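Engineer: Here you go, one structure.
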Amino acid sequence: MAISLRNTIRLLSSIFTKNVYINTKSCNKRFIMTSRSKLEKVLEDLQKNPYFDKYADKIAKFQKVSPEEFLQRVENEEKKQQRKKVPVHLTRFYTQSLWSFPFFNKKVQPLWAHIKKNDFSDHTLKNMYITTPIFYVNAGPHIGHLYTAVLADTIARFNSMLGHSVFLCTGTDEHGTKVENAARAATLPTSEYCTKISGEFLKMCDIFQVQYSQFIRTTEERHQNAVHHFWNHLAERGHIYMGKYSGWYSVSDETFIADAEVIQKKDMAGNIESMTESGNPVEWTEEDSYKFRLTSFQDDLKHWLKDENTVQPAIYRKILSTWIEEGLQDLSISRPISRVPWAIPIPSDKSHTIYVWFDALVNYLTAIGYPNSFSSQFWPPTVQVVGKDILKFHGIFWPAFLMAAGLEPPKKLLCHGHWTINDLKMSKSRGNVISPFETMVDFTPDGLRYFLLRQAVLHSDANYNVQKIQNILNSELADTLGNLLNRCLGKAINPKRIIPDPTTSISTLKSEVALKNVKALEEISDITRTLYEECHLHHVVDAVMSMLHTANQMFDYHQPWHLRKSDDLDSVRQLEAVISLSLESVRVAALILHPIIPRLTSNLLDSLKISKENRTWEDTKPLHVTNSLNGAERIISQNVLLFKKIKN
């Protein structure tokens, strides 16, 4: 009698996790024989399970069954499941154990708890779901929103170049008191106001080349249906109850604030004002409220955060862990409709509306067809990009909601700091926002996108400075990259604008700086791939600029304007090699920078006659290594103005 090792392990692990994840289409073909030593080896391996100690007594009792009887049970269950042919995606919606042993009748452990997580740097081809937070429409977009959107887009584009199937979601969050107040101030019906502001965010994405797969609005009927289904699912599973809430409430943040986070100060008249650390006023509120049993998931959230890749950079993971260690409280997830009418009503109680953050977070499910045509191949999200001000919502509330629903939480939260003006957070309430539509007039969409991604570091805030933008764009895009291209195509050096084949010409140059340039070309693909995977975009740009600086130094050292004047064969070959090595550096730089500045680099690659098929990450390796040109020369048909220098 031969039994599937995978099903043996699943049966035993279900004792700890009280749930079984079954994939009948991909059962392991390896088998074991009925021996006690084999069984003991399986049990030994399972001792690493975090629930082993908790269920050790039950395991010991279960081990009294002979190995033959135990394995016979496994085989019988395997046959039953083969007859049922349970689809993989269905198990994501039902967490009741498919095994029928008597001690499996207690609360079911969520499915996510024992699924193997894939690291972001996993190089196997796969489906990837990447999200931005949906942007709140109480005002139009500022550059902080733009940064978040282009950061997520850059991650998506990089992974597309690797060959992954990528689904990128963005959109707008359109419910809540602040939206209703903003619509009233704009003297527009609330729905019309939402459509207007949502259109501005859509325009921002289109102008700045955010290549989204789905742009979602929370006022769409499909989203309301998804929210109702998700609410009902949690209610049926006992995770929602009616209670009372008393506490501090921030209208501007639309969330309740813990006592420890409230600061009280005296105003000029001596009156005491209560506010958050960021200065937003809070008010004491007491009301009936539907609550989510967040306290039930404190241990589950700790388990989720054990993986150091779950939340990055590490500083934000530590913040979440501290919050959880300090203790969680059940979360109010409804508001009386009399206080917040512009929201989705609770399905079973029209006197309450659903908390805007509960509603908003469900968008990540709605976007991929939840619940009717749920695209389970893209679940869970691979990378969710968030700002540090919404870390608690995405790092505590959201994974807890998903665990309650039996869905796997995100594989990675990528959190970033704020953009500041004079060391103050850029925000709509302060009125110090910078519109991307106004800024792009001076710096172009490509230039602004480049600066934001080049300047920001995830673990800290970034400062916006007009002079710094100008200096960076002129120095790097206009001079270092653009000027190298133009020098190679100038009439005095290359009147026919020919790009010699680097596979035959690069080895001609023997100078130290040329060899350094070649070495940089050969190494930069692997270096920048790792930097992209770690989301160190500023270091990606640093590496590319370093290589281009070396190429410019090589160009100056060999003085091609003098080589052009000579007719001897050696000078001709050296001239071809200088042009070839320089333009090969430009080609590789354009491919590596493509996720960061897609429009500019696409135009450059078009000029260099690089086909769309030859713009994968594999193509970032130099042609003299891949030998993919087979001796072909390319001719640039017209002059190229890559990036116009910005003048004061």
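Just remember, in the structure tokens the first chain shown is A, the second B, etc., residues are 1-based per chain, and ligands are 1-based in the order shown.
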Give me the region 170-256 of chain A side of the contact with region 366-380 of chain A, cut-off 12 Å, one line per residue showing its nearest atom pair and distance in Å at one decimal, counting only C-alpha atoms, sorted by chain and residue number, as a tab-separated table.

Structural biologist:
residue	atom	partner	partner_atom	distance
A:Thr170	CA	A:Ala367	CA	8.9
A:Gly171	CA	A:Ala367	CA	9.5
A:Thr172	CA	A:Ala367	CA	11.8
A:Tyr212	CA	A:Ala367	CA	11.2
A:Ser213	CA	A:Ala367	CA	9.2
A:Gln214	CA	A:Ala367	CA	6.5
A:Phe215	CA	A:Ala367	CA	8.0
A:Ile216	CA	A:Ala367	CA	6.5
A:Arg217	CA	A:Ala367	CA	9.4
A:Thr218	CA	A:Thr366	CA	9.1
A:Thr219	CA	A:Thr366	CA	11.7
A:Glu220	CA	A:Thr366	CA	9.9
A:Glu221	CA	A:Thr366	CA	10.4
A:Arg222	CA	A:Thr366	CA	7.1
A:His223	CA	A:Thr366	CA	5.7
A:Gln224	CA	A:Thr366	CA	8.9
A:Asn225	CA	A:Pro371	CA	8.6
A:Ala226	CA	A:Thr366	CA	5.9
A:Val227	CA	A:Thr366	CA	8.1
A:His228	CA	A:Pro371	CA	10.1
A:His229	CA	A:Pro371	CA	7.2
A:Phe230	CA	A:Pro371	CA	8.2
A:Trp231	CA	A:Pro371	CA	11.8
A:Asn232	CA	A:Pro371	CA	11.8
A:His233	CA	A:Pro371	CA	10.6

Engineer: Among region 257-421 of chain A, which residues carry a DSSP assignment of strand (DSSP E or B), reported as a PyMOL selection string?

Structural biologist: chain A and resi 257+262-266+272-276+281-292+311-312+331-332+334-336+345-346+349-354+383-387+413-416+419-421

Engineer: Would you write out those residues with N, CA and C atoms, as a compact mmCIF listing (two decimals), in the first residue's frame?

Structural biologist:
# COMPACT_ATOMS: atom_id res chain seq x y z
N ILE A 257 -9.36 57.15 17.78
CA ILE A 257 -8.00 57.34 18.25
C ILE A 257 -7.87 56.83 19.68
N VAL A 262 -3.81 60.70 22.01
CA VAL A 262 -4.45 62.01 22.07
C VAL A 262 -3.62 62.97 22.91
N ILE A 263 -3.41 64.17 22.37
CA ILE A 263 -2.65 65.22 23.06
C ILE A 263 -3.62 66.35 23.41
N GLN A 264 -3.53 66.86 24.61
CA GLN A 264 -4.39 67.97 25.03
C GLN A 264 -3.55 69.21 25.26
N LYS A 265 -3.97 70.32 24.62
CA LYS A 265 -3.26 71.58 24.73
C LYS A 265 -4.26 72.70 25.02
N LYS A 266 -3.76 73.79 25.59
CA LYS A 266 -4.59 74.96 25.83
C LYS A 266 -4.45 75.94 24.68
N ILE A 272 -9.10 73.96 26.71
CA ILE A 272 -8.34 72.74 26.40
C ILE A 272 -8.82 72.17 25.08
N GLU A 273 -7.86 71.93 24.17
CA GLU A 273 -8.15 71.31 22.88
C GLU A 273 -7.52 69.93 22.83
N SER A 274 -8.27 68.99 22.30
CA SER A 274 -7.75 67.61 22.14
C SER A 274 -7.43 67.38 20.68
N MET A 275 -6.29 66.75 20.43
CA MET A 275 -5.86 66.54 19.04
C MET A 275 -4.93 65.34 18.96
N THR A 276 -4.68 64.90 17.74
CA THR A 276 -3.71 63.83 17.50
C THR A 276 -2.31 64.43 17.48
N PRO A 281 -7.77 67.77 15.07
CA PRO A 281 -8.65 67.77 16.24
C PRO A 281 -9.41 66.46 16.38
N VAL A 282 -9.71 66.09 17.64
CA VAL A 282 -10.50 64.90 17.92
C VAL A 282 -11.67 65.29 18.82
N GLU A 283 -12.72 64.50 18.77
CA GLU A 283 -13.89 64.76 19.59
C GLU A 283 -14.30 63.47 20.30
N TRP A 284 -14.85 63.61 21.52
CA TRP A 284 -15.29 62.44 22.27
C TRP A 284 -16.62 61.97 21.72
N THR A 285 -16.72 60.66 21.42
CA THR A 285 -17.91 60.12 20.79
C THR A 285 -18.37 58.88 21.54
N GLU A 286 -19.68 58.79 21.76
CA GLU A 286 -20.28 57.59 22.34
C GLU A 286 -21.47 57.20 21.47
N GLU A 287 -21.47 55.96 20.99
CA GLU A 287 -22.54 55.54 20.10
C GLU A 287 -22.59 54.02 19.97
N ASP A 288 -23.76 53.51 19.53
CA ASP A 288 -23.87 52.10 19.18
C ASP A 288 -23.05 51.86 17.92
N SER A 289 -22.44 50.70 17.86
CA SER A 289 -21.57 50.42 16.72
C SER A 289 -21.43 48.92 16.53
N TYR A 290 -21.40 48.50 15.27
CA TYR A 290 -21.02 47.12 14.98
C TYR A 290 -19.50 47.03 15.11
N LYS A 291 -19.06 45.94 15.73
CA LYS A 291 -17.64 45.79 15.99
C LYS A 291 -17.09 44.51 15.36
N PHE A 292 -15.84 44.58 14.98
CA PHE A 292 -15.10 43.43 14.47
C PHE A 292 -14.21 42.89 15.58
N VAL A 311 6.52 42.83 5.91
CA VAL A 311 6.41 44.29 5.91
C VAL A 311 7.81 44.87 5.77
N GLN A 312 8.00 45.71 4.77
CA GLN A 312 9.30 46.33 4.54
C GLN A 312 9.12 47.81 4.27
N LEU A 331 -12.61 46.43 16.93
CA LEU A 331 -12.65 47.60 16.05
C LEU A 331 -14.08 47.97 15.67
N SER A 332 -14.44 49.24 15.86
CA SER A 332 -15.74 49.73 15.41
C SER A 332 -15.73 49.81 13.89
N SER A 334 -18.77 50.39 11.98
CA SER A 334 -19.98 51.01 11.45
C SER A 334 -20.14 52.39 12.04
N ARG A 335 -20.97 53.21 11.41
CA ARG A 335 -21.33 54.53 11.90
C ARG A 335 -22.84 54.69 11.77
N PRO A 336 -23.50 55.40 12.70
CA PRO A 336 -24.92 55.67 12.51
C PRO A 336 -25.14 56.44 11.21
N PRO A 345 -24.55 51.29 3.12
CA PRO A 345 -25.36 50.81 4.25
C PRO A 345 -24.99 49.38 4.63
N ILE A 346 -25.17 49.05 5.90
CA ILE A 346 -24.99 47.66 6.34
C ILE A 346 -26.14 46.84 5.76
N ASP A 349 -28.95 46.14 8.38
CA ASP A 349 -29.34 47.22 9.29
C ASP A 349 -29.12 48.56 8.59
N LYS A 350 -30.18 49.11 8.02
CA LYS A 350 -30.07 50.34 7.25
C LYS A 350 -29.85 51.57 8.13
N SER A 351 -29.89 51.40 9.46
CA SER A 351 -29.65 52.55 10.33
C SER A 351 -28.15 52.81 10.53
N HIS A 352 -27.31 51.92 10.01
CA HIS A 352 -25.87 52.08 10.11
C HIS A 352 -25.23 51.98 8.73
N THR A 353 -24.13 52.71 8.57
CA THR A 353 -23.32 52.58 7.35
C THR A 353 -21.98 51.95 7.71
N ILE A 354 -21.33 51.40 6.71
CA ILE A 354 -20.07 50.67 6.92
C ILE A 354 -18.90 51.64 7.03
N VAL A 383 2.55 42.48 -3.71
CA VAL A 383 3.10 43.69 -3.09
C VAL A 383 1.98 44.72 -2.99
N GLN A 384 1.74 45.23 -1.78
CA GLN A 384 0.80 46.32 -1.59
C GLN A 384 1.58 47.54 -1.12
N VAL A 385 1.60 48.57 -1.96
CA VAL A 385 2.34 49.79 -1.66
C VAL A 385 1.45 50.72 -0.83
N VAL A 386 1.95 51.18 0.32
CA VAL A 386 1.17 52.05 1.20
C VAL A 386 2.09 53.13 1.78
N GLY A 387 1.48 54.25 2.16
CA GLY A 387 2.21 55.28 2.90
C GLY A 387 2.18 54.97 4.38
N LEU A 413 3.77 44.03 2.42
CA LEU A 413 3.40 45.44 2.48
C LEU A 413 4.68 46.24 2.30
N LEU A 414 4.70 47.09 1.29
CA LEU A 414 5.86 47.96 1.05
C LEU A 414 5.45 49.37 1.46
N CYS A 415 6.02 49.83 2.55
CA CYS A 415 5.60 51.10 3.15
C CYS A 415 6.65 52.18 2.87
N HIS A 416 6.18 53.40 2.63
CA HIS A 416 7.11 54.50 2.34
C HIS A 416 6.77 55.71 3.20
N TRP A 419 6.26 62.95 1.61
CA TRP A 419 6.95 64.08 0.99
C TRP A 419 6.69 65.31 1.84
N THR A 420 7.73 66.04 2.13
CA THR A 420 7.61 67.20 3.01
C THR A 420 7.93 68.50 2.26
N ILE A 421 7.34 69.57 2.76
CA ILE A 421 7.66 70.92 2.31
C ILE A 421 8.06 71.70 3.55

Engineer: I need the residue nearest Arg157 (chain A) from this list: A:Ile344, A:Ile597, A:Ile493, A:Ile498. Use only C-alpha atoms for the distance.

Structural biologist: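 Nearest candidate to Arg157 (chain A) out of A:Ile344, A:Ile597, A:Ile493, A:Ile498: A:Ile597.
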
Engineer: When you count only C-alpha atoms, which of these residues is closest to Tyr241 (chain A): A:Asp173, A:Met547, A:Leu188, A:Ile333?

Structural biologist: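 Comparing A:Asp173, A:Met547, A:Leu188, A:Ile333 against Tyr241 (chain A), the winner is A:Ile333.
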
Engineer: Please list as a list of chain:residue names every residue within 12 Å of Ala183 (chain A), counting only C-alpha atoms and excluding residues in the same chain fewer than 3 positions away.

Structural biologist: A:Val137, A:Asn138, A:Ala139, A:Glu174, A:His175, A:Gly176, A:Thr177, A:Lys178, A:Val179, A:Glu180, A:Ala186, A:Thr187, A:Leu188, A:Pro189, A:Thr190, A:Ser191, A:Glu192, A:Tyr193, A:Cys194, A:Thr195, A:Lys196, A:Ile197, A:Trp342

Engineer: Please identify which residues in region 296-525 of chain A DSSP calls helix (DSSP H, G or I) from the backbone, and express them as a ChimeraX atom specification.

Structural biologist: /A:296-305,314-325,356-361,363-366,376-378,388-405,436-455,466-489,502-508,512-525

Engineer: Select, from A:Asp206, A:Asp330, A:Asp299, A:Asp556, the residue with the minimum atom-to-atom distance to Lys244 (chain A), counting only C-alpha atoms.

Structural biologist: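 Closest to Lys244 (chain A) of all the choices is A:Asp330.
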
Engineer: Select, from A:Cys169, A:Tyr532, A:Glu408, A:Gln470, the residue with the minimum atom-to-atom distance to Lys647 (chain A), counting only C-alpha atoms.

Structural biologist: A:Gln470

Engineer: Please provide as a ChimeraX atom specification all residues within 10 Å of Ile324 (chain A), with the sequence filter that same-chain residues fewer than 2 positions apart are discarded (counting only C-alpha atoms).

Structural biologist: /A:295,297-299,301-302,318-322,326-329,396

Engineer: What is the distance between CA of Ser165 (chain A) and CA of Phe397 (chain A), in Å to one decimal?

Structural biologist: 28.2 Å
